[in-house]
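Asker: If you scroll down you'll find the structure; I have some questions about it.
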Amino acid sequence: MLPSRALRRVGIVLGLAVLGFVLYRLHGQWQSLDFSWSRLRWPDIGASLLLLVAAQALFAFSWHRLLSDAGESGELRGDVARWCVSLAGKYFPGKVWQAVARFGLYHGAERGKKVAPAFVRETLLSLSAAMAVVAAHGWSDVAATGRLELAFSIGSLALLLLSLPGVARTAAGFIQRWMPMRLVIPEGGVASLVEVWAMQLAGYLVLGLGCLFLARGIGIAQADITMPVVAGLCFAGLAGIAAFFVPAGIGVREAALVWYLAPVIGPAPAALLAVAARVWISVGEAALVAAGMLVLNHSARGVEPAP
């Protein structure tokens with residue numbers, strides 16, 4: 001069911017209000033930051049963008065693997081391009097829009113019927129991998145997540161098991177007994193589950209390293225905060241997904257990242273990194289959306305894109 005217009009508006013207002021609060025706190029603590037535009041480390045910032053693209057490529061390749069799981073032949077370039085374009089759906093209130101965009105981009109295509117179950121499985125495996133990163137950090141540093149590592153570990157394992165068709169069908173049958181509704185069951189086998197989960201995990205680790213390079217680029221990182229930054233970015237992403245009606249988790253992701261990193265690097269540096277990470281991710285995703293549209297337009301015209 002698509003979110004109502006009122007709830008979409010509430011999501012926008014709430015997200016912007018939380019982001020505004022983060023910016024307000026950052027402004028109030030600006031004097032405590034040792035920040036200078038002239039001291040930005042552009043090679044590190046450039047590396048962070050390259051790592052962001054590499055991480056998104058891993059996510060896109062995992063999508064192609066999910067669609068190919070039934071033994072169908074599919075074009076990698078087309079699947080990756082559609083995945084990139086569907087990122088634009090994240091910036092509309094309600095998490096359904098990315099799924100709607102993904103389905104619409106395959107409308108009429110031979111593999112269109114595989115999109116819904118593949119999207120469900122992708123979501124389950126993506127959430128599981130992100131939770132695994134946060135849990136790993138929690139077990140290595142119990143104070144880091146406020147003793148939430150057990151909950152994240154259980155959640156990661158539960159979502160991983162739910163991505164198995166047999167387990168998903170059993171769970172769906174139980175749910176439908178009490179709540180009459182149509183559920184999309186993920187398809188595929190164990191081999192693809194392991195491969196896709198591994199690609200999702202690698203994607204999050206690479207994305208977290210990109211955030212670490214971004215932190216170094218703006219002069220607020222230290223050598224011993226690699227794992228907190230990687231896990232913090234995953235934690236912020238999960239918080240953004242939980243805030244269902246907030247477009248792209250705006251505000252919520254920033255507040256969650258500040259909460260996670262403030263005990264490690266301080267509130268002001270954490271707020272600066274959270275705001276910088278929002279710009280970093282949004283700029284990178286906008287570039288990927290544009291690149292995906294270019295590829296699809298060339299394909300629709302029967303023109304091979306220039307190498």
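Following the order of the structure tokens, first chain is A, next is B, and so on, with residues numbered from 1 inside each chain and ligands from 1 in the order they appear.
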Quick one: residues within 7 Å of stretch 39-48 of chain A, only C-alpha atoms, excluding same-chain residues fewer than 4 positions away - as a list in words?
Answerer: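 Non-adjacent residues within range: Leu52, Gly210, Cys211, Phe213, Leu214, Arg216, Gly217, Ile218 and Gly219 of chain A.
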Asker: Which residues come within 7 Å of A:Leu16, counting only C-alpha atoms, excluding same-chain residues fewer than 4 positions away, as number ranges by chain?
Answerer: A: 12, 20, 250-251
Asker: Quick one: residues within 6 Å of stretch 266-271 of chain A, only C-alpha atoms, excluding same-chain residues fewer than 6 positions away - as a ChimeraX atom specification?
Answerer: /A:26,29,258
Asker: Could you take the residues named above and write them with N, CA and C atoms, as a short mmCIF file (atom, residue, chain, number, x, y, z; two decimals), in the first residue's frame?
Answerer:
```cif
data_model
loop_
_atom_site.label_atom_id
_atom_site.label_comp_id
_atom_site.auth_asym_id
_atom_site.auth_seq_id
_atom_site.Cartn_x
_atom_site.Cartn_y
_atom_site.Cartn_z
N LEU A 26 25.43 21.62 15.34
CA LEU A 26 26.73 21.79 14.70
C LEU A 26 27.15 23.25 14.71
N GLN A 29 28.39 24.35 18.09
CA GLN A 29 29.67 23.77 18.50
C GLN A 29 30.79 24.02 17.48
N VAL A 258 25.39 10.69 14.46
CA VAL A 258 25.93 11.53 15.54
C VAL A 258 25.87 10.78 16.87
#
```
Asker: Near A:Val229, counting only C-alpha atoms, which residues have an atom at most 9 Å away, once you skip same-chain residues fewer than 6 positions from it, shown as a ChimeraX atom specification?
Answerer: /A:208-209,211-212,215,257,260-261
Asker: Quick check, in Å to one decimal: how far apart do atom CA of A:Glu149 and atom CA of A:Val134 lie?
Answerer: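 Separation between atom CA of A:Glu149 and atom CA of A:Val134: 7.2 Å.
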Asker: Go ahead and compute the interatomic distance for atom CA of A:Leu87 and atom CA of A:Ala286, in Å to one decimal.
Answerer: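 Separation of atom CA of A:Leu87 and atom CA of A:Ala286: 8.2 Å.
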Asker: Write out as a PyMOL selection string all residues of stretch 47-134 of chain A that backbone DSSP assigns to alpha helix (DSSP H).
Answerer: chain A and resi 47-67+76-86+96-105+115-134
Asker: With only C-alpha atoms as the counted atoms, please give the residues lying no more than 7 Å from A:Glu122, apart from itself and same-chain residues fewer than 4 positions off, as an NGL selection string.
Answerer: :A and (63 or 118 or 126)
Asker: Please, could you write that set of residues out with C-alpha atoms as an mmCIF file, in the first residue's frame?
Answerer:
```cif
data_model
loop_
_atom_site.group_PDB
_atom_site.id
_atom_site.type_symbol
_atom_site.label_atom_id
_atom_site.label_comp_id
_atom_site.auth_asym_id
_atom_site.auth_seq_id
_atom_site.Cartn_x
_atom_site.Cartn_y
_atom_site.Cartn_z
ATOM 1 C CA TRP A 63 20.896 -7.386 -7.718
ATOM 2 C CA ALA A 118 14.203 -10.455 -5.939
ATOM 3 C CA SER A 126 20.955 -6.047 2.761
#
```
Asker: Looking at A:Leu127, A:Leu201, A:Leu105, A:Ala262, which one is nearest to A:Gly240, with distances taken over only C-alpha atoms?
Answerer: A:Leu127
Asker: For each of A:Ala132, A:Val194, A:Leu164, A:Val13, take the minimum atom-to-atom distance to A:Ser62, counting only C-alpha atoms, then give the residue where this is smallest.
Answerer: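 Using only C-alpha atoms, A:Ser62 sits closest to A:Val194.
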